[in-house]
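> My structure is stored as start20.txt, with compact mmCIF, C-alpha atoms.
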# COMPACT_ATOMS: atom_id res chain seq x y z
CA MET A 1 -1.62 241.48 32.30
CA SER A 2 1.50 243.05 30.81
CA ALA A 3 3.97 244.95 32.97
CA PRO A 4 3.53 248.75 32.99
CA PRO A 5 5.86 250.49 30.56
CA PHE A 6 8.76 252.51 31.90
CA ASP A 7 11.43 254.64 30.30
CA ALA A 8 14.85 253.62 31.64
CA ALA A 9 16.58 256.39 29.69
CA ALA A 10 14.28 259.03 31.18
CA MET A 11 14.88 257.71 34.68
CA ALA A 12 18.64 257.75 34.11
CA GLU A 13 18.42 261.31 32.83
CA LEU A 14 16.75 262.37 36.09
CA VAL A 15 19.83 261.16 37.96
CA ARG A 16 22.26 262.80 35.53
CA THR A 17 20.50 266.15 35.84
CA GLY A 18 20.30 265.98 39.64
CA ARG A 19 16.50 265.70 39.90
CA MET A 20 16.76 263.10 42.65
CA ALA A 21 13.43 263.79 44.37
CA LEU A 22 11.53 263.04 41.15
CA PHE A 23 13.76 260.01 40.49
CA VAL A 24 12.98 258.56 43.94
CA GLU A 25 9.26 259.29 43.54
CA ARG A 26 9.09 257.42 40.23
CA ALA A 27 11.34 254.62 41.49
CA HIS A 28 8.59 253.59 43.92
CA ASP A 29 6.45 252.59 40.92
CA LEU A 30 9.11 250.36 39.32
CA GLU A 31 9.68 246.66 39.73
CA PRO A 32 13.12 245.83 41.23
CA ALA A 33 14.32 244.34 37.93
CA ASP A 34 13.34 247.51 36.06
CA LEU A 35 15.04 249.74 38.61
CA ALA A 36 18.11 247.49 38.29
CA ASP A 37 18.17 248.21 34.54
CA VAL A 38 18.15 251.94 35.29
CA LEU A 39 21.05 251.61 37.72
CA ALA A 40 22.98 249.44 35.26
CA SER A 41 22.70 252.15 32.59
CA LEU A 42 24.44 254.70 34.84
CA ASP A 43 28.17 255.10 35.30
CA GLU A 44 29.63 254.24 38.71
CA ASP A 45 29.46 257.75 40.22
CA GLU A 46 25.88 258.29 39.02
CA ARG A 47 24.85 254.87 40.32
CA VAL A 48 26.28 255.58 43.77
CA ALA A 49 24.43 258.91 43.87
CA ALA A 50 21.18 257.19 42.90
CA VAL A 51 21.57 254.47 45.51
CA ARG A 52 22.35 257.07 48.20
CA ALA A 53 19.09 258.84 47.36
CA LEU A 54 16.91 255.73 47.32
CA PRO A 55 15.38 254.27 50.48
CA PRO A 56 17.07 250.98 51.48
CA GLU A 57 14.00 248.85 50.68
CA LEU A 58 14.18 249.98 47.03
CA SER A 59 17.94 250.08 46.47
CA SER A 60 18.51 246.69 48.09
CA GLN A 61 16.23 244.79 45.71
CA ALA A 62 17.52 246.70 42.68
CA LEU A 63 21.16 245.96 43.51
CA ALA A 64 20.31 242.29 44.04
CA GLU A 65 18.68 242.18 40.59
CA MET A 66 21.56 243.84 38.75
CA PRO A 67 23.46 241.69 36.22
CA VAL A 68 26.58 239.99 37.63
CA GLU A 69 28.90 241.77 35.23
CA GLU A 70 27.84 245.19 36.58
CA HIS A 71 29.45 244.40 39.97
CA ALA A 72 26.77 245.80 42.25
CA GLY A 73 29.04 245.09 45.20
CA GLU A 74 31.37 247.88 44.08
CA THR A 75 28.49 250.32 44.32
CA LEU A 76 27.73 249.05 47.80
CA ALA A 77 31.38 249.45 48.80
CA ALA A 78 31.32 253.13 47.75
CA LEU A 79 28.65 253.92 50.35
CA ALA A 80 29.18 254.66 54.00
CA PRO A 81 29.29 251.33 55.90
CA GLU A 82 26.17 252.29 57.90
CA GLN A 83 24.08 252.91 54.78
CA ALA A 84 25.47 249.79 53.10
CA ALA A 85 24.49 247.74 56.15
CA GLU A 86 20.95 249.18 56.07
CA ILE A 87 20.63 248.12 52.42
CA VAL A 88 21.99 244.61 53.03
CA ASP A 89 19.70 244.14 56.04
CA GLU A 90 16.71 244.52 53.71
CA LEU A 91 17.78 241.47 51.69
CA GLU A 92 17.24 237.76 52.13
CA ASP A 93 20.36 236.14 53.57
CA ASP A 94 21.32 234.47 50.27
CA ASP A 95 21.03 237.73 48.29
CA ALA A 96 22.96 239.56 51.01
CA ALA A 97 25.76 237.00 50.87
CA ASP A 98 25.91 237.24 47.06
CA LEU A 99 26.21 241.02 47.21
CA ILE A 100 28.79 241.14 50.00
CA GLY A 101 30.72 238.20 48.59
CA GLU A 102 32.04 240.41 45.76
CA LEU A 103 33.88 242.68 48.21
CA ASP A 104 37.34 242.52 49.75
CA PRO A 105 37.52 241.17 53.34
CA VAL A 106 38.06 244.59 54.96
CA THR A 107 35.01 246.14 53.28
CA GLN A 108 32.99 243.01 54.04
CA GLU A 109 33.80 243.31 57.73
CA HIS A 110 32.82 247.00 57.85
CA ILE A 111 29.39 246.19 56.40
CA LEU A 112 28.87 242.94 58.32
CA ALA A 113 29.54 244.76 61.59
CA GLY A 114 26.33 246.77 61.10
CA LEU A 115 24.04 243.86 60.16
CA GLU A 116 21.27 242.63 62.42
CA HIS A 117 21.33 239.15 60.84
CA ARG A 118 25.09 238.86 60.50
CA ALA A 119 25.30 235.24 61.70
CA GLU A 120 23.13 234.02 58.81
CA VAL A 121 25.14 235.90 56.20
CA ASP A 122 28.44 234.79 57.77
CA GLN A 123 27.32 231.18 57.48
CA LEU A 124 26.60 231.51 53.76
CA LEU A 125 29.85 233.38 53.05
CA ARG A 126 31.79 230.30 54.17
CA TYR A 127 30.67 228.44 51.06
CA ASP A 128 31.88 228.85 47.50
CA GLU A 129 29.38 231.07 45.68
CA LYS A 130 29.00 228.47 42.90
CA THR A 131 27.89 225.65 45.19
CA ALA A 132 24.61 224.69 46.81
CA GLY A 133 25.85 226.32 50.03
CA GLY A 134 26.51 229.55 48.19
CA LEU A 135 23.06 229.48 46.58
CA MET A 136 20.97 228.44 49.55
CA THR A 137 18.99 230.48 52.01
CA THR A 138 18.81 229.50 55.66
CA HIS A 139 15.26 230.86 55.83
CA LEU A 140 12.96 227.86 55.50
CA MET A 141 9.83 226.38 56.98
CA LYS A 142 10.44 223.42 59.28
CA VAL A 143 8.51 221.58 62.00
CA ARG A 144 9.42 218.81 64.41
CA ASP A 145 8.52 215.18 63.74
CA THR A 146 6.98 215.06 67.22
CA ASP A 147 4.51 217.88 66.42
CA SER A 148 0.80 217.45 65.95
CA VAL A 149 -0.98 219.11 63.05
CA ALA A 150 -2.09 221.97 65.32
CA GLU A 151 1.46 222.50 66.60
CA ALA A 152 2.87 222.39 63.08
CA LEU A 153 0.37 224.99 61.83
CA GLU A 154 1.16 227.24 64.79
CA GLU A 155 4.90 226.97 64.04
CA ILE A 156 4.26 227.85 60.39
CA ARG A 157 2.26 230.91 61.40
CA ARG A 158 5.00 231.95 63.81
CA ARG A 159 7.76 231.68 61.20
CA SER A 160 5.77 233.18 58.32
CA GLU A 161 7.19 236.68 58.87
CA GLU A 162 10.77 235.37 58.68
CA VAL A 163 10.13 233.12 55.65
CA GLU A 164 8.42 235.20 52.98
CA ASP A 165 7.91 232.44 50.39
CA PHE A 166 8.01 228.72 50.99
CA TYR A 167 7.23 225.78 48.72
CA GLN A 168 7.95 222.92 51.09
CA ILE A 169 7.54 222.23 54.79
CA PHE A 170 10.49 220.24 56.07
CA VAL A 171 10.25 217.86 59.02
CA VAL A 172 13.26 217.47 61.32
CA ASP A 173 13.99 215.59 64.52
CA ARG A 174 15.24 217.16 67.74
CA ARG A 175 18.81 217.32 66.30
CA ASP A 176 17.60 219.07 63.13
CA ILE A 177 18.20 215.93 61.07
CA LEU A 178 15.97 216.03 57.98
CA VAL A 179 13.44 213.20 58.13
CA GLY A 180 10.87 214.21 55.52
CA THR A 181 8.50 216.81 54.07
CA LEU A 182 4.86 217.55 54.71
CA PRO A 183 2.20 217.61 51.96
CA LEU A 184 0.48 220.95 52.51
CA LYS A 185 -2.95 219.64 51.49
CA GLN A 186 -2.89 216.89 54.09
CA LEU A 187 -1.57 219.25 56.72
CA VAL A 188 -4.47 221.70 56.42
CA THR A 189 -7.14 219.01 56.06
CA SER A 190 -6.01 216.67 58.87
CA ALA A 191 -7.39 216.62 62.41
CA PRO A 192 -5.56 219.04 64.74
CA ASP A 193 -4.37 216.25 67.06
CA ARG A 194 -3.00 214.01 64.30
CA PRO A 195 0.83 213.50 64.53
CA VAL A 196 2.63 214.82 61.45
CA ARG A 197 4.89 211.75 61.39
CA GLU A 198 1.87 209.72 60.25
CA PHE A 199 1.70 211.41 56.85
CA LEU A 200 5.13 212.92 56.22
CA GLU A 201 6.85 211.98 52.97
CA GLU A 202 10.44 210.79 52.65
CA ALA A 203 12.92 213.54 51.68
CA ASP A 204 14.95 211.35 49.33
CA ILE A 205 16.10 214.22 47.11
CA ARG A 206 18.60 216.42 48.90
CA VAL A 207 21.94 218.03 48.09
CA ALA A 208 25.20 218.60 49.93
CA PRO A 209 26.40 222.19 50.50
CA ASP A 210 29.53 221.67 48.38
CA LEU A 211 27.63 220.36 45.33
CA ASP A 212 28.33 222.45 42.21
CA GLN A 213 25.52 224.82 41.25
CA GLU A 214 25.12 223.20 37.81
CA GLU A 215 24.48 219.86 39.49
CA VAL A 216 21.95 221.50 41.81
CA ALA A 217 20.12 222.93 38.79
CA ARG A 218 20.20 219.53 37.10
CA VAL A 219 18.72 217.81 40.15
CA MET A 220 15.90 220.35 40.46
CA ALA A 221 15.10 220.17 36.74
CA ARG A 222 15.17 216.37 36.68
CA TYR A 223 12.73 216.02 39.58
CA ASN A 224 10.67 219.19 38.91
CA LEU A 225 11.38 220.66 42.35
CA ALA A 226 10.38 224.14 43.50
CA SER A 227 13.08 223.90 46.18
CA VAL A 228 15.60 221.34 47.36
CA PRO A 229 16.91 220.87 50.91
CA VAL A 230 20.61 221.31 51.63
CA VAL A 231 21.97 218.98 54.33
CA ASN A 232 25.41 218.64 55.89
CA PRO A 233 27.29 215.30 56.02
CA ALA A 234 25.49 214.41 59.26
CA GLY A 235 22.09 214.86 57.57
CA ARG A 236 21.30 218.10 59.40
CA LEU A 237 19.08 220.52 57.48
CA ILE A 238 21.02 223.76 56.95
CA GLY A 239 19.17 225.49 54.10
CA ARG A 240 17.27 225.23 50.84
CA VAL A 241 17.85 226.24 47.24
CA THR A 242 14.82 227.68 45.45
CA PHE A 243 13.89 227.58 41.78
CA ASP A 244 14.42 231.33 41.27
CA ASP A 245 18.07 230.97 42.27
CA VAL A 246 18.45 228.02 39.89
CA THR A 247 16.93 230.02 37.03
CA ASP A 248 19.71 232.59 37.46
CA VAL A 249 22.29 229.79 37.60
CA VAL A 250 21.11 228.26 34.34
CA GLU A 251 21.31 231.65 32.59
CA GLN A 252 24.78 232.38 34.00
CA GLU A 253 26.19 228.94 33.21
CA THR A 254 24.76 228.91 29.69
CA THR A 255 26.24 232.35 28.99
CA GLU A 256 29.57 231.28 30.46
CA ASP A 257 29.67 228.10 28.38
CA LEU A 258 28.83 229.97 25.18
CA LEU A 259 31.56 232.53 25.79
CA ARG A 260 34.10 229.87 26.71
CA PHE A 261 33.20 227.92 23.61
CA GLY A 262 34.19 231.00 21.64
CA GLY A 263 37.48 231.23 23.54
CA VAL A 264 36.59 234.28 25.64
CA SER A 265 36.08 234.81 29.35
CA GLY A 266 33.15 233.44 31.28
CA GLU A 267 31.70 236.89 31.99
CA LEU A 268 30.32 239.63 29.81
CA SER A 269 32.28 242.84 30.09
CA SER A 270 32.46 246.26 28.46
CA ASP A 271 36.06 246.67 29.65
CA VAL A 272 38.25 246.71 26.52
CA VAL A 273 41.44 245.82 28.40
CA ALA A 274 39.77 242.90 30.17
CA ALA A 275 38.33 241.68 26.87
CA VAL A 276 41.76 241.75 25.21
CA ARG A 277 43.33 239.91 28.15
CA SER A 278 40.74 237.15 28.00
CA ARG A 279 40.79 236.68 24.23
CA LEU A 280 44.40 237.29 23.24
CA PRO A 281 45.89 234.16 24.87
CA TRP A 282 43.50 231.88 23.01
CA LEU A 283 44.08 233.73 19.75
CA LEU A 284 47.84 233.27 20.18
CA ILE A 285 47.35 229.55 20.80
CA ASN A 286 45.15 229.42 17.72
CA LEU A 287 47.86 231.20 15.75
CA LEU A 288 50.43 228.60 16.82
CA THR A 289 48.16 225.78 15.66
CA ALA A 290 47.68 227.64 12.36
CA PHE A 291 51.45 227.50 11.89
CA VAL A 292 51.21 223.71 12.22
CA ALA A 293 48.66 223.63 9.39
CA LYS A 294 50.86 225.98 7.34
CA SER A 295 53.82 223.63 7.80
CA VAL A 296 51.84 220.85 6.10
CA ILE A 297 51.35 223.05 3.04
CA ASP A 298 54.99 224.16 3.09
CA ALA A 299 56.10 220.54 3.02
CA GLN A 300 54.05 219.92 -0.13
CA GLN A 301 54.89 223.06 -2.10
CA ASP A 302 56.05 221.00 -5.07
CA VAL A 303 52.53 219.56 -5.45
CA ILE A 304 50.97 223.03 -5.41
CA GLY A 305 53.62 224.30 -7.82
CA ARG A 306 52.83 221.57 -10.35
CA LEU A 307 49.03 221.67 -9.71
CA PRO A 308 48.11 225.28 -8.89
CA LEU A 309 44.37 224.52 -9.13
CA ILE A 310 44.60 222.20 -6.11
CA ALA A 311 45.27 225.23 -3.87
CA ALA A 312 41.72 226.47 -4.37
CA TRP A 313 40.35 223.23 -2.93
CA LEU A 314 42.42 223.28 0.24
CA GLY A 315 40.25 225.93 1.89
CA VAL A 316 37.06 224.13 0.87
CA ILE A 317 38.10 220.81 2.40
CA ALA A 318 39.59 222.32 5.57
CA GLY A 319 36.67 224.73 6.03
CA MET A 320 34.06 221.98 5.73
CA GLY A 321 36.05 219.88 8.17
CA GLY A 322 36.14 222.74 10.65
CA ASN A 323 32.39 223.27 10.38
CA ALA A 324 31.63 219.57 10.79
CA GLY A 325 34.03 219.35 13.74
CA THR A 326 32.33 222.30 15.42
CA GLN A 327 28.95 220.62 15.01
CA ALA A 328 30.18 217.39 16.62
CA LEU A 329 31.97 219.39 19.29
CA ALA A 330 28.90 221.47 20.19
CA VAL A 331 26.74 218.36 20.58
CA THR A 332 29.35 216.51 22.65
CA VAL A 333 30.13 219.46 24.93
CA ARG A 334 26.42 219.93 25.58
CA ARG A 335 26.00 216.22 26.33
CA VAL A 336 28.84 216.44 28.82
CA ALA A 337 27.42 219.63 30.39
CA LEU A 338 24.01 218.01 30.87
CA GLY A 339 25.49 214.81 32.27
CA LEU A 340 24.17 212.73 29.37
CA VAL A 341 27.43 210.82 28.86
CA ALA A 342 27.37 208.19 31.57
CA ALA A 343 30.37 206.07 32.51
CA GLY A 344 31.09 203.57 29.74
CA GLU A 345 29.11 205.48 27.10
CA ALA A 346 32.01 207.43 25.60
CA ARG A 347 32.56 204.77 22.92
CA ARG A 348 28.93 205.00 21.84
CA VAL A 349 29.15 208.78 21.51
CA ILE A 350 32.37 208.56 19.46
CA VAL A 351 31.01 205.84 17.15
CA ASN A 352 27.83 207.85 16.64
CA GLU A 353 29.77 210.94 15.56
CA LEU A 354 32.02 208.81 13.32
CA VAL A 355 28.98 207.44 11.50
CA VAL A 356 27.45 210.91 11.18
CA GLY A 357 30.77 212.23 9.86
CA ALA A 358 31.07 209.41 7.33
CA LEU A 359 27.53 209.90 5.99
CA ASN A 360 27.94 213.66 5.77
CA GLY A 361 31.33 213.12 4.15
CA LEU A 362 29.89 210.86 1.48
CA ALA A 363 27.15 213.38 0.65
CA ASN A 364 29.50 216.38 0.54
CA GLY A 365 32.25 214.37 -1.14
CA ALA A 366 29.95 213.39 -3.98
CA LEU A 367 28.95 217.01 -4.42
CA VAL A 368 32.48 218.44 -4.56
CA ALA A 369 33.57 215.63 -6.87
CA ALA A 370 30.74 216.55 -9.24
CA VAL A 371 31.69 220.23 -9.13
CA ALA A 372 35.35 219.40 -9.88
CA LEU A 373 34.29 217.16 -12.74
CA LEU A 374 32.08 219.83 -14.31
CA THR A 375 34.36 222.84 -13.83
CA HIS A 376 37.78 221.46 -14.77
CA THR A 377 38.96 219.88 -17.99
CA GLY A 378 39.72 216.27 -17.31
CA GLY A 379 38.36 216.72 -13.82
CA ALA A 380 37.46 213.09 -13.12
CA THR A 381 40.63 212.36 -11.19
CA LEU A 382 40.55 215.76 -9.49
CA GLY A 383 36.98 215.01 -8.46
CA LEU A 384 38.13 211.70 -6.99
CA VAL A 385 40.88 213.50 -5.02
CA VAL A 386 38.68 216.19 -3.52
CA GLY A 387 35.78 213.78 -2.97
CA LEU A 388 37.91 211.30 -1.02
CA ALA A 389 39.56 214.12 0.91
CA MET A 390 36.14 215.50 1.90
CA VAL A 391 34.97 212.08 3.11
CA GLY A 392 38.15 211.51 5.09
CA ASN A 393 38.22 214.97 6.67
CA LEU A 394 34.59 214.86 7.78
CA ILE A 395 35.19 211.48 9.40
CA VAL A 396 38.17 212.97 11.24
CA ALA A 397 36.05 216.00 12.13
CA GLY A 398 33.33 213.85 13.69
CA ALA A 399 35.83 211.72 15.61
CA SER A 400 37.87 214.66 16.93
CA GLY A 401 34.71 216.62 17.79
CA ALA A 402 33.69 213.75 20.08
CA VAL A 403 37.03 212.42 21.35
CA ILE A 404 38.69 215.72 22.30
CA PRO A 405 35.98 217.10 24.64
CA LEU A 406 35.49 213.67 26.25
CA LEU A 407 39.22 213.36 26.82
CA LEU A 408 39.48 216.87 28.27
CA HIS A 409 36.50 216.18 30.53
CA ARG A 410 38.18 213.01 31.81
CA MET A 411 41.31 215.08 32.52
CA ARG A 412 39.11 217.53 34.50
CA ILE A 413 39.65 220.31 31.96
CA ASP A 414 36.58 222.27 30.88
CA PRO A 415 35.93 220.98 27.32
CA ALA A 416 34.13 224.20 26.39
CA VAL A 417 37.34 226.20 26.79
CA ALA A 418 39.98 224.37 24.76
CA SER A 419 38.24 221.86 22.49
CA SER A 420 37.55 224.10 19.50
CA ILE A 421 41.22 225.00 18.99
CA PHE A 422 42.32 221.37 18.93
CA VAL A 423 39.45 220.25 16.69
CA THR A 424 40.20 223.03 14.18
CA THR A 425 43.87 222.05 14.16
CA PHE A 426 43.04 218.40 13.49
CA THR A 427 40.69 219.19 10.62
CA ASP A 428 43.04 221.76 9.03
CA VAL A 429 46.14 219.58 9.24
CA PHE A 430 44.38 216.41 8.13
CA GLY A 431 42.39 218.19 5.42
CA PHE A 432 45.41 219.89 3.87
CA GLY A 433 47.55 216.79 4.20
CA LEU A 434 44.99 214.44 2.69
CA VAL A 435 44.26 216.65 -0.32
CA LEU A 436 47.95 217.08 -1.11
CA PHE A 437 48.76 213.42 -0.52
CA LEU A 438 45.96 212.21 -2.80
CA ALA A 439 46.92 214.79 -5.41
CA ARG A 440 50.52 213.54 -5.37
CA VAL A 441 49.43 209.90 -5.66
CA LEU A 442 46.58 210.20 -8.17
CA LEU A 443 47.40 213.31 -10.19
CA LEU A 444 51.21 213.33 -10.30
CA HIS A 445 51.92 209.63 -10.74
In structure tokens, what does this structure look like?

Amino acid sequence: MSAPPFDAAAMAELVRTGRMALFVERAHDLEPADLADVLASLDEDERVAAVRALPPELSSQALAEMPVEEHAGETLAALAPEQAAEIVDELEDDDAADLIGELDPVTQEHILAGLEHRAEVDQLLRYDEKTAGGLMTTHLMKVRDTDSVAEALEEIRRRSEEVEDFYQIFVVDRRDILVGTLPLKQLVTSAPDRPVREFLEEADIRVAPDLDQEEVARVMARYNLASVPVVNPAGRLIGRVTFDDVTDVVEQETTEDLLRFGGVSGELSSDVVAAVRSRLPWLLINLLTAFVAKSVIDAQQDVIGRLPLIAAWLGVIAGMGGNAGTQALAVTVRRVALGLVAAGEARRVIVNELVVGALNGLANGALVAAVALLTHTGGATLGLVVGLAMVGNLIVAGASGAVIPLLLHRMRIDPAVASSIFVTTFTDVFGFGLVLFLARVLLLH
């Protein structure tokens, strides 16, 4: 069944025209994600007015669903601390921590002071938001390894109001050390007096609270987990990360990587000043590397002066090198991001891209040589120059597109951020230099 249609613009217009009673009435019929879209379409003052009018059970879920770049925490901070606390109290502890985590310490304290479940949120706020600890919820279903089936089922019923959704039943000892998980089918079909330790399964897959969120997502995807337990260094069960949180992580990280690959910030923003600040530094660095490529041409002006037609081929060779380098770079950066380049495999990746570059170079080199031969009088030698330059530059493109991100990764620098500038510089400088060198040797001898 498809979701019922809704008109976000019409809902936003109700807020802008002050028809709050009708807005609240219709908001009850919306899914939280749809109501979040309505709030995101409003300016800050309008959004605060809308949230003030909504009951906490509606506004809380909508704020939690709002895109990261809309900074829902700022809306929360604009409310009276008592109302903000009511809204946060409606959320799961992990969503509450995410929302409050955006705020400055003073505002955080004002809101936390009014929470009924402050201790749980405080615990999560201690962790970096981009780690397993920052993603996890402390609400989980657990039973003791000394329980019988009847006792375990009674504990599950007792905790069912606190834990809305659960995908695993964890088994712990008296010190809360994780010892395994319970298969739900066997639990409900076993005799009431059967000890759960007889059929619990080993909990081999677990994560530490300081594990990066990308690694958490990778673990859950690799082993097809609906949730993964988070344990402290002593093995004590402290929370779980669920698949819905990981889905958001994958979307955020992919967006961040794509934007970084383009040399912009890791977050989407409609703020013009922020956009300029994030992009201008990389553009200036790119400009400096362009001066390096220009210096190669300046040093060979006599070749261009005596062979003006060679200038037209410089852009072709350098441009193809840049495109080929970007292809190799995109593949290598993605391999690194997915953890597909194991220790000792860097050489294989580099050799693979070298071979690909050489084969692509031969194909494109033959084509440009043929074009030069057919379009220029006496173009055989010119064809040889541009053909060899194309082969050489695409080999360099493949090598640099693999070596540079791997080297940056080894230096603990995000290869998605800086690689493209260096690869483009390599292909421009080498492409220009090779064309002009071959032209001097073969055409001006």
> Here is a test: counting all atoms listed in the file, which residue of A:Ala363, A:Leu76, A:Leu438, A:Ala402 is nearest to Val385 (chain A)?
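Between A:Ala363, A:Leu76, A:Leu438, A:Ala402, the residue approaching Val385 (chain A) most closely is A:Leu438.
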> CA of Val171 (chain A) and CA of His117 (chain A), how far apart in Å?
24.1 Å
> Would you mind reading off the distance between CA of Ala397 (chain A) and CA of Asn352 (chain A), one decimal, in Å?
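CA of Asn352 (chain A) lies 12.4 Å from CA of Ala397 (chain A).
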> Go through A:Ala226, A:Val216, A:Leu178, A:His28 and flag the residue nearest Glu202 (chain A), using only C-alpha atoms for the distances.
A:Leu178
> At a cut-off of 8 Å from (45.0, 223.1, 7.1) in the coordinates of the file, what residues are picked up using all atoms listed in the file, written as a list of chain:residue names?
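Checking each residue against the 8 Å limit leaves A:Ala290, A:Ala293, A:Lys294, A:Val296, A:Ile297, A:Leu314, A:Gly315, A:Ala318, A:Thr425, A:Thr427, A:Asp428, A:Val429, A:Phe430, A:Gly431, A:Phe432, A:Gly433.
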> Provide the CA of Ile317 (chain A) to CA of Met390 (chain A) distance in Å, to one decimal place.
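So the answer is 5.7 Å.
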> Please determine, counting only C-alpha atoms, which residue among A:Asn323, A:Thr17, A:Gln213, A:Ser41 has the shortest atom-to-atom distance to Asp248 (chain A).
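Distance minimum relative to Asp248 (chain A) lands on A:Gln213.
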> With a distance cut-off of 8 Å and all atoms listed in the file, select the neighbouring residues of region 136-143 of chain A, excluding the residue or stretch itself and same-chain residues fewer than 6 positions from it, and output the selection as a list in words.
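Neighbouring residues, sequence-local ones excluded: Glu92, Asp93, Asp94, Glu120, Leu124, Ala152, Glu155, Ile156, Arg159, Glu162, Val163, Phe166, Gln168, Ile169, Phe170, Val171, Val172, Val230, Ile238, Gly239, Arg240, Val241 and Thr242 of chain A.
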> Which residues are near Asp7 (chain A)? Cut-off 12 Å, all atoms listed in the file, ignore same chain within fewer than 2 positions. Put them as an NGL selection string.
:A and (4-5 or 9-14 or 23 or 26-27 or 29-30 or 34-35 or 37-38 or 41)
> Would you pick out the contacts of Pro209 (chain A) at 8 Å or less, using all atoms listed in the file, so that residues sharing its chain but fewer than 4 positions from it are not included, and give the list as a PyMOL selection string?
chain A and resi 127+131-134+230-232
> Would you output that residue set with C-alpha atoms, as a compact mmCIF listing (two decimals), in the coordinates of the input?

# COMPACT_ATOMS: atom_id res chain seq x y z
CA TYR A 127 30.67 228.44 51.06
CA THR A 131 27.89 225.65 45.19
CA ALA A 132 24.61 224.69 46.81
CA GLY A 133 25.85 226.32 50.03
CA GLY A 134 26.51 229.55 48.19
CA VAL A 230 20.61 221.31 51.63
CA VAL A 231 21.97 218.98 54.33
CA ASN A 232 25.41 218.64 55.89
> Please determine, counting all atoms listed in the file, which residue among A:Ala40, A:Val292, A:Leu58, A:Val316 has the shortest atom-to-atom distance to His71 (chain A).
A:Ala40
> Hey, can you pull every residue with an atom no more than 9 Å from (31.9, 218.4, 21.1), using only C-alpha atoms, and send it as a list in words?
Gly325, Thr326, Gln327, Ala328, Leu329, Ala330, Val331, Thr332, Val333, Arg334, Arg335, Val336, Gly398, Ser400, Gly401, Ala402, Val403, Ile404, Pro405, Leu406, Pro415, Ala416, Ser419, Ser420 and Val423 of chain A
> I need the residue nearest Gly319 (chain A) from this list: A:Val149, A:Gly114, A:Phe426, A:Val207. Use all atoms listed in the file for the distance.
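Looking only at the distances to Gly319 (chain A), the closest residue turns out to be A:Phe426.
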> Neighbouring residues of Arg118 (chain A) were defined as those with any atom within 10 Å, considering only C-alpha atoms; residues of the same chain fewer than 2 positions away were excluded. Please report them as a list in words.
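The neighbour list is Ala85, Val88, Asp89, Asp93, Ala96, Ala97, Ile111, Leu112, Ala113, Gly114, Leu115, Glu116, Glu120, Val121, Asp122 and Gln123 of chain A.
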> Excluding same-chain residues fewer than 6 positions from Leu79 (chain A), what lies within 9 Å of it counting only C-alpha atoms, as a list in words?
Val48, Val51 and Arg52 of chain A
> Between A:Met20, A:Ala8, A:Leu184, A:Leu340, which has the minimum distance to Leu42 (chain A) (counting all atoms listed in the file)?
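Nearest candidate to Leu42 (chain A) out of A:Met20, A:Ala8, A:Leu184, A:Leu340: A:Ala8.
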